[in-house]
Amino acid sequence: MRFQPILRRAFLVMAVAAATSLAVSVPAQANPAEDYVQGNINKGLAVLNNKQLSTEQRRSQFEGFLLGLTDMKRIADFTLGQYRRTANPADLAAFEGAFQNYATAVYQSYFSKYAGQTLKVTGSQARTLDDFIVATQLIDPGDHSGQEPLEVDFRVRTDTGKPVVVDFSVAGIWLALEERDQFTAFLGQNNGNIPMLVSHLAELAKQFRNN
Amino acid sequence: MGRGRTLAVLLCGLVLTACATTPPTPEMAANNDPYEPTNREMLQINGKIDRYFVVPTVAVYFVLVPDSGRRAVHRFLENLTLPTTLVNDLLEGQATRGGQTAARFAINTTIGLGGFLDPAGRMKIPDHGADFGVTLGAWGVDEGPYMVLPFLGPSNPRDAFGLAVDVGLDPTNYIPFKQHIWWGAGRYYFTVLDLRGQTFQTVQTIQRSSIDYYSALRSFYRQLRANAVRAVRPQKPQDLPDF
């Protein structure tokens, strides 16, 4: 089956879906959701390509960019699944902070791998009046294998009045769905212990930042 | 070897069913993973086989065979799967994709020296995969509960049955001299080396970055397979939760 060959490219690109050293081509007629994705990718591009920034400055600015693009709290709460309902406010706040730290550390650790590639907005689909999926393709000019370009989708919500990205999909894998599966499985195996999950996320974030 | 793989897949399903003596928890049922305890154990067993046998063998393969050689082996093995891909393209009603598959097979088998070269790729003829599990999904067959098969890894009843059918569809299993065990064993051995070599860093990354490797792998597998079905049935809407 084709699971493993695609998985290699899919996971490595996943963290880059928010922003990387990518250039974006503009379709002839874009809509607001597409404009939002395209415009913010350009901001991320500017941060990551700025050679005058130190590593720490680039990380800090990239984190600020990512927080502006996405609704991390909303994504964090979603990934807790059914445990969100029974979590006490202190545990919930700790988890949201740990999730933000973890997510940005994971994405930052891989952004450099895709320098020179191109993200092309190919269209969008309105699931509801305030829920859009913006489709893009990741085009590697050095890839002559004849394989179709990798598809990267952004899920954009506008229900709070301001557009935010709530999830990314690479080759069909939605990151927030995968994180929810992981976190709820972990909590299921550990009696719903959110502080333990927070501790694991902090440790993982530290490992990624140190690499 | 082809019949052996078919039997192995069918037996794995029976073993898993027999092992599911513990009633599933509500969470397992909600995750459509009633065999989760058995699946987790199987993943650990597969992991040990991988760590102590497959990975060291792949390391030797990487040392002995240069990158150009490994890529040629990969292309050859991929080319061998194209007859099965073509049958599935046609069963899915995908005439365009079937045409691309037929063209790639014809060109790469002849000009491409049996598939070691990829002139079809240079001609920009797109590549894609197709298997009977996806075909069944395109026909509306539900995937069923998640399973981790011995050696074969993530699966489900639909895909496991599909794999057995694909083995039966593979024409190389019916060419008389190729039924010799060395052909089948050699092909399977190099397929494992090729796949594992390509996915080594990815699997390592997932293991490093995941809180729960088992469920991360489960999610990856399910979403990839659903995406493969959607690729041949694009009118089927994505089932995404509201958040």
# chains A, B, ... in the order shown; residues from 1 in each chain; ligands from 1
$ closest_atom_pairs --of "chain B" --to "chain A" --cutoff "6 Å" --atoms "only C-alpha atoms" --output "tab-separated table"
residue	atom	partner	partner_atom	distance
B:Gly121	CA	A:Gly146	CA	4.3
B:Lys124	CA	A:Gly146	CA	5.1
B:Pro126	CA	A:Gly146	CA	5.2
B:Asp127	CA	A:Gln147	CA	5.1
B:Thr199	CA	A:Arg8	CA	5.5
B:Thr202	CA	A:Arg8	CA	4.9
B:Asp212	CA	A:Gln182	CA	5.4
B:Ser215	CA	A:Gln182	CA	5.1
B:Ala216	CA	A:Gln182	CA	5.4
B:Ser219	CA	A:Glu178	CA	5.3
B:Gln223	CA	A:Ile173	CA	5.4
B:Leu224	CA	A:Gly172	CA	5.9
B:Asn227	CA	A:Gly172	CA	5.3
$ write_last_selection --atoms "C-alpha atoms" --output "compact mmCIF listing (two decimals), in the first residue's frame"
# COMPACT_ATOMS: atom_id res chain seq x y z
CA GLY B 121 8.31 10.41 -15.13
CA LYS B 124 5.50 14.06 -16.88
CA PRO B 126 1.69 11.35 -13.28
CA ASP B 127 2.21 8.56 -10.82
CA THR B 199 10.34 5.89 5.84
CA THR B 202 9.67 9.86 9.03
CA ASP B 212 1.29 8.36 21.97
CA SER B 215 -2.65 6.52 18.26
CA ALA B 216 -0.59 8.90 16.11
CA SER B 219 -4.73 8.55 12.97
CA GLN B 223 -6.71 9.78 7.39
CA LEU B 224 -4.39 8.71 4.57
CA ASN B 227 -7.90 10.62 1.53
$ select_by_dssp --residues "stretch 124-191 of chain B" --states "strand (DSSP E or B)" --output "list in words"
Asp127, Met147, Val148, Leu149, Gly153, Pro154 and Ser155 of chain B
$ closest_residue --among "A:Gly192, A:Gly68, A:Gly81, A:Pro32" --to "A:Val164" --atoms "only C-alpha atoms"
A:Gly68
$ closest_atom_pairs --of "stretch 168-233 of chain B" --to "stretch 70-91 of chain B" --cutoff "7 Å" --atoms "only C-alpha atoms" --output "Markdown table"
| residue | atom | partner | partner_atom | distance |
| --- | --- | --- | --- | --- |
| B:Leu169 | CA | B:Thr84 | CA | 6.0 |
| B:Asp170 | CA | B:Thr84 | CA | 5.6 |
| B:Thr191 | CA | B:Leu77 | CA | 6.9 |
| B:Asp194 | CA | B:His74 | CA | 6.2 |
$ select_by_dssp --residues "stretch 88-132 of chain B" --states "helix (DSSP H, G or I)" --output "NGL selection string"
:B and (88-91 or 95-110 or 113-115 or 119-122 or 132)
$ write_last_selection --atoms "N, CA and C atoms" --output "tab-separated table (two decimals), in the first residue's frame"
chain	number	residue	atom	x	y	z
B	88	ASN	N	-7.11	-1.93	-10.51
B	88	ASN	CA	-7.89	-1.16	-9.54
B	88	ASN	C	-8.38	0.17	-10.12
B	89	ASP	N	-7.56	0.81	-10.92
B	89	ASP	CA	-8.01	2.04	-11.59
B	89	ASP	C	-9.28	1.76	-12.39
B	90	LEU	N	-9.28	0.64	-13.12
B	90	LEU	CA	-10.42	0.31	-13.97
B	90	LEU	C	-11.64	-0.07	-13.12
B	91	LEU	N	-11.40	-0.81	-12.05
B	91	LEU	CA	-12.51	-1.19	-11.16
B	91	LEU	C	-13.13	0.05	-10.51
B	95	ALA	N	-10.80	6.03	-15.74
B	95	ALA	CA	-10.21	5.76	-17.05
B	95	ALA	C	-8.93	6.55	-17.27
B	96	THR	N	-8.94	7.83	-16.86
B	96	THR	CA	-7.75	8.67	-17.07
B	96	THR	C	-6.57	8.13	-16.27
B	97	ARG	N	-6.82	7.85	-15.01
B	97	ARG	CA	-5.74	7.31	-14.18
B	97	ARG	C	-5.27	5.96	-14.71
B	98	GLY	N	-6.23	5.16	-15.19
B	98	GLY	CA	-5.86	3.87	-15.77
B	98	GLY	C	-4.97	4.03	-16.99
B	99	GLY	N	-5.30	5.02	-17.80
B	99	GLY	CA	-4.48	5.29	-18.98
B	99	GLY	C	-3.06	5.70	-18.58
B	100	GLN	N	-2.98	6.52	-17.54
B	100	GLN	CA	-1.64	6.95	-17.07
B	100	GLN	C	-0.85	5.76	-16.55
B	101	THR	N	-1.53	4.89	-15.82
B	101	THR	CA	-0.85	3.70	-15.27
B	101	THR	C	-0.36	2.81	-16.40
B	102	ALA	N	-1.24	2.57	-17.37
B	102	ALA	CA	-0.86	1.71	-18.50
B	102	ALA	C	0.33	2.30	-19.24
B	103	ALA	N	0.28	3.61	-19.45
B	103	ALA	CA	1.38	4.27	-20.17
B	103	ALA	C	2.68	4.15	-19.39
B	104	ARG	N	2.61	4.42	-18.11
B	104	ARG	CA	3.82	4.33	-17.28
B	104	ARG	C	4.39	2.92	-17.32
B	105	PHE	N	3.51	1.92	-17.22
B	105	PHE	CA	4.01	0.53	-17.20
B	105	PHE	C	4.65	0.19	-18.54
B	106	ALA	N	3.96	0.55	-19.62
B	106	ALA	CA	4.48	0.20	-20.95
B	106	ALA	C	5.82	0.89	-21.19
B	107	ILE	N	5.89	2.16	-20.89
B	107	ILE	CA	7.11	2.93	-21.17
B	107	ILE	C	8.25	2.49	-20.26
B	108	ASN	N	7.98	2.39	-18.98
B	108	ASN	CA	9.07	2.07	-18.04
B	108	ASN	C	9.52	0.61	-18.17
B	109	THR	N	8.62	-0.28	-18.55
B	109	THR	CA	9.03	-1.67	-18.71
B	109	THR	C	9.92	-1.85	-19.93
B	110	THR	N	9.66	-1.08	-20.98
B	110	THR	CA	10.42	-1.22	-22.23
B	110	THR	C	11.61	-0.27	-22.23
B	113	LEU	N	13.85	-0.21	-19.12
B	113	LEU	CA	14.63	-1.41	-18.78
B	113	LEU	C	14.02	-2.17	-17.61
B	114	GLY	N	12.75	-2.52	-17.79
B	114	GLY	CA	12.10	-3.32	-16.76
B	114	GLY	C	11.62	-2.51	-15.56
B	115	GLY	N	11.79	-1.19	-15.64
B	115	GLY	CA	11.35	-0.35	-14.54
B	115	GLY	C	12.48	0.25	-13.73
B	119	PRO	N	11.55	6.76	-17.51
B	119	PRO	CA	11.33	7.72	-18.61
B	119	PRO	C	9.90	8.28	-18.59
B	120	ALA	N	8.95	7.54	-18.08
B	120	ALA	CA	7.57	8.04	-18.00
B	120	ALA	C	7.48	9.27	-17.09
B	121	GLY	N	8.27	9.27	-16.04
B	121	GLY	CA	8.31	10.41	-15.13
B	121	GLY	C	8.87	11.64	-15.83
B	122	ARG	N	9.90	11.42	-16.62
B	122	ARG	CA	10.49	12.54	-17.37
B	122	ARG	C	9.52	13.07	-18.41
B	132	PHE	N	-6.89	-2.52	-3.83
B	132	PHE	CA	-8.27	-3.00	-3.75
B	132	PHE	C	-8.96	-2.51	-2.48
$ residues_around --residues "A:Ala87" --least-positions-apart "3" --cutoff "12 Å" --atoms "only C-alpha atoms" --output "list in words"
Asp77, Leu80, Gly81, Gln82, Tyr83, Arg84, Ala90, Asp91, Leu92, Ala93, Ala94, Phe95, Glu96, Leu187, Gly192, Asn193, Ile194 and Pro195 of chain A
$ atom_distance --atom1 "atom CA of B:Phe220" --atom2 "atom CA of B:Gly153"
12.4 Å
$ atom_distance --atom1 "atom CA of B:Thr25" --atom2 "atom CA of B:Leu149"
21.0 Å
$ decode --residues "stretch 70-102 of chain A" --atoms "N, CA and C atoms" --output "PDB file, in the first residue's frame"
ATOM      1  N   THR A  70      -3.171  31.554  13.655  1.00  0.00           N
ATOM      2  CA  THR A  70      -4.038  30.486  14.142  1.00  0.00           C
ATOM      3  C   THR A  70      -4.731  30.882  15.437  1.00  0.00           C
ATOM      4  N   ASP A  71      -5.706  30.097  15.834  1.00  0.00           N
ATOM      5  CA  ASP A  71      -6.343  30.261  17.139  1.00  0.00           C
ATOM      6  C   ASP A  71      -5.881  29.076  17.984  1.00  0.00           C
ATOM      7  N   MET A  72      -4.718  29.241  18.622  1.00  0.00           N
ATOM      8  CA  MET A  72      -4.095  28.131  19.336  1.00  0.00           C
ATOM      9  C   MET A  72      -4.967  27.616  20.468  1.00  0.00           C
ATOM     10  N   LYS A  73      -5.643  28.526  21.175  1.00  0.00           N
ATOM     11  CA  LYS A  73      -6.482  28.097  22.307  1.00  0.00           C
ATOM     12  C   LYS A  73      -7.611  27.208  21.799  1.00  0.00           C
ATOM     13  N   ARG A  74      -8.194  27.622  20.709  1.00  0.00           N
ATOM     14  CA  ARG A  74      -9.308  26.858  20.131  1.00  0.00           C
ATOM     15  C   ARG A  74      -8.833  25.478  19.695  1.00  0.00           C
ATOM     16  N   ILE A  75      -7.660  25.435  19.057  1.00  0.00           N
ATOM     17  CA  ILE A  75      -7.111  24.148  18.606  1.00  0.00           C
ATOM     18  C   ILE A  75      -6.772  23.284  19.822  1.00  0.00           C
ATOM     19  N   ALA A  76      -6.138  23.914  20.829  1.00  0.00           N
ATOM     20  CA  ALA A  76      -5.765  23.173  22.035  1.00  0.00           C
ATOM     21  C   ALA A  76      -6.993  22.546  22.690  1.00  0.00           C
ATOM     22  N   ASP A  77      -8.046  23.336  22.851  1.00  0.00           N
ATOM     23  CA  ASP A  77      -9.260  22.819  23.488  1.00  0.00           C
ATOM     24  C   ASP A  77      -9.865  21.681  22.680  1.00  0.00           C
ATOM     25  N   PHE A  78      -9.801  21.776  21.372  1.00  0.00           N
ATOM     26  CA  PHE A  78     -10.324  20.707  20.521  1.00  0.00           C
ATOM     27  C   PHE A  78      -9.542  19.411  20.720  1.00  0.00           C
ATOM     28  N   THR A  79      -8.224  19.543  20.830  1.00  0.00           N
ATOM     29  CA  THR A  79      -7.409  18.322  20.916  1.00  0.00           C
ATOM     30  C   THR A  79      -7.599  17.578  22.235  1.00  0.00           C
ATOM     31  N   LEU A  80      -8.233  18.221  23.212  1.00  0.00           N
ATOM     32  CA  LEU A  80      -8.495  17.510  24.466  1.00  0.00           C
ATOM     33  C   LEU A  80      -9.692  16.573  24.335  1.00  0.00           C
ATOM     34  N   GLY A  81     -10.481  16.756  23.289  1.00  0.00           N
ATOM     35  CA  GLY A  81     -11.616  15.870  23.077  1.00  0.00           C
ATOM     36  C   GLY A  81     -12.605  15.927  24.224  1.00  0.00           C
ATOM     37  N   GLN A  82     -13.059  14.743  24.656  1.00  0.00           N
ATOM     38  CA  GLN A  82     -14.083  14.678  25.703  1.00  0.00           C
ATOM     39  C   GLN A  82     -13.538  15.128  27.063  1.00  0.00           C
ATOM     40  N   TYR A  83     -12.209  15.177  27.210  1.00  0.00           N
ATOM     41  CA  TYR A  83     -11.604  15.560  28.498  1.00  0.00           C
ATOM     42  C   TYR A  83     -11.692  17.063  28.731  1.00  0.00           C
ATOM     43  N   ARG A  84     -12.062  17.807  27.711  1.00  0.00           N
ATOM     44  CA  ARG A  84     -12.214  19.257  27.847  1.00  0.00           C
ATOM     45  C   ARG A  84     -13.355  19.580  28.813  1.00  0.00           C
ATOM     46  N   ARG A  85     -14.406  18.762  28.742  1.00  0.00           N
ATOM     47  CA  ARG A  85     -15.609  19.055  29.545  1.00  0.00           C
ATOM     48  C   ARG A  85     -15.344  18.910  31.032  1.00  0.00           C
ATOM     49  N   THR A  86     -14.475  17.960  31.392  1.00  0.00           N
ATOM     50  CA  THR A  86     -14.277  17.681  32.824  1.00  0.00           C
ATOM     51  C   THR A  86     -12.999  18.308  33.369  1.00  0.00           C
ATOM     52  N   ALA A  87     -12.249  19.022  32.521  1.00  0.00           N
ATOM     53  CA  ALA A  87     -10.983  19.613  32.979  1.00  0.00           C
ATOM     54  C   ALA A  87     -11.253  20.815  33.872  1.00  0.00           C
ATOM     55  N   ASN A  88     -10.490  20.936  34.970  1.00  0.00           N
ATOM     56  CA  ASN A  88     -10.663  22.116  35.808  1.00  0.00           C
ATOM     57  C   ASN A  88      -9.932  23.294  35.166  1.00  0.00           C
ATOM     58  N   PRO A  89     -10.327  24.524  35.478  1.00  0.00           N
ATOM     59  CA  PRO A  89      -9.771  25.700  34.780  1.00  0.00           C
ATOM     60  C   PRO A  89      -8.252  25.785  34.856  1.00  0.00           C
ATOM     61  N   ALA A  90      -7.676  25.422  35.999  1.00  0.00           N
ATOM     62  CA  ALA A  90      -6.214  25.518  36.144  1.00  0.00           C
ATOM     63  C   ALA A  90      -5.518  24.539  35.194  1.00  0.00           C
ATOM     64  N   ASP A  91      -6.012  23.309  35.160  1.00  0.00           N
ATOM     65  CA  ASP A  91      -5.415  22.305  34.264  1.00  0.00           C
ATOM     66  C   ASP A  91      -5.584  22.730  32.814  1.00  0.00           C
ATOM     67  N   LEU A  92      -6.745  23.278  32.501  1.00  0.00           N
ATOM     68  CA  LEU A  92      -7.019  23.685  31.133  1.00  0.00           C
ATOM     69  C   LEU A  92      -6.069  24.789  30.689  1.00  0.00           C
ATOM     70  N   ALA A  93      -5.879  25.777  31.569  1.00  0.00           N
ATOM     71  CA  ALA A  93      -4.975  26.887  31.237  1.00  0.00           C
ATOM     72  C   ALA A  93      -3.547  26.374  31.053  1.00  0.00           C
ATOM     73  N   ALA A  94      -3.128  25.471  31.935  1.00  0.00           N
ATOM     74  CA  ALA A  94      -1.780  24.904  31.823  1.00  0.00           C
ATOM     75  C   ALA A  94      -1.629  24.134  30.521  1.00  0.00           C
ATOM     76  N   PHE A  95      -2.657  23.390  30.153  1.00  0.00           N
ATOM     77  CA  PHE A  95      -2.586  22.622  28.919  1.00  0.00           C
ATOM     78  C   PHE A  95      -2.523  23.543  27.704  1.00  0.00           C
ATOM     79  N   GLU A  96      -3.331  24.589  27.702  1.00  0.00           N
ATOM     80  CA  GLU A  96      -3.335  25.499  26.546  1.00  0.00           C
ATOM     81  C   GLU A  96      -1.959  26.132  26.346  1.00  0.00           C
ATOM     82  N   GLY A  97      -1.324  26.491  27.469  1.00  0.00           N
ATOM     83  CA  GLY A  97       0.018  27.053  27.372  1.00  0.00           C
ATOM     84  C   GLY A  97       1.025  26.031  26.872  1.00  0.00           C
ATOM     85  N   ALA A  98       0.936  24.819  27.396  1.00  0.00           N
ATOM     86  CA  ALA A  98       1.871  23.765  26.983  1.00  0.00           C
ATOM     87  C   ALA A  98       1.671  23.396  25.526  1.00  0.00           C
ATOM     88  N   PHE A  99       0.424  23.379  25.090  1.00  0.00           N
ATOM     89  CA  PHE A  99       0.141  23.030  23.701  1.00  0.00           C
ATOM     90  C   PHE A  99       0.731  24.073  22.751  1.00  0.00           C
ATOM     91  N   GLN A 100       0.568  25.323  23.115  1.00  0.00           N
ATOM     92  CA  GLN A 100       1.107  26.391  22.268  1.00  0.00           C
ATOM     93  C   GLN A 100       2.618  26.255  22.149  1.00  0.00           C
ATOM     94  N   ASN A 101       3.259  26.009  23.269  1.00  0.00           N
ATOM     95  CA  ASN A 101       4.710  25.855  23.305  1.00  0.00           C
ATOM     96  C   ASN A 101       5.147  24.656  22.452  1.00  0.00           C
ATOM     97  N   TYR A 102       4.440  23.553  22.613  1.00  0.00           N
ATOM     98  CA  TYR A 102       4.744  22.320  21.878  1.00  0.00           C
ATOM     99  C   TYR A 102       4.559  22.509  20.374  1.00  0.00           C
TER     100      TYR A 102
END
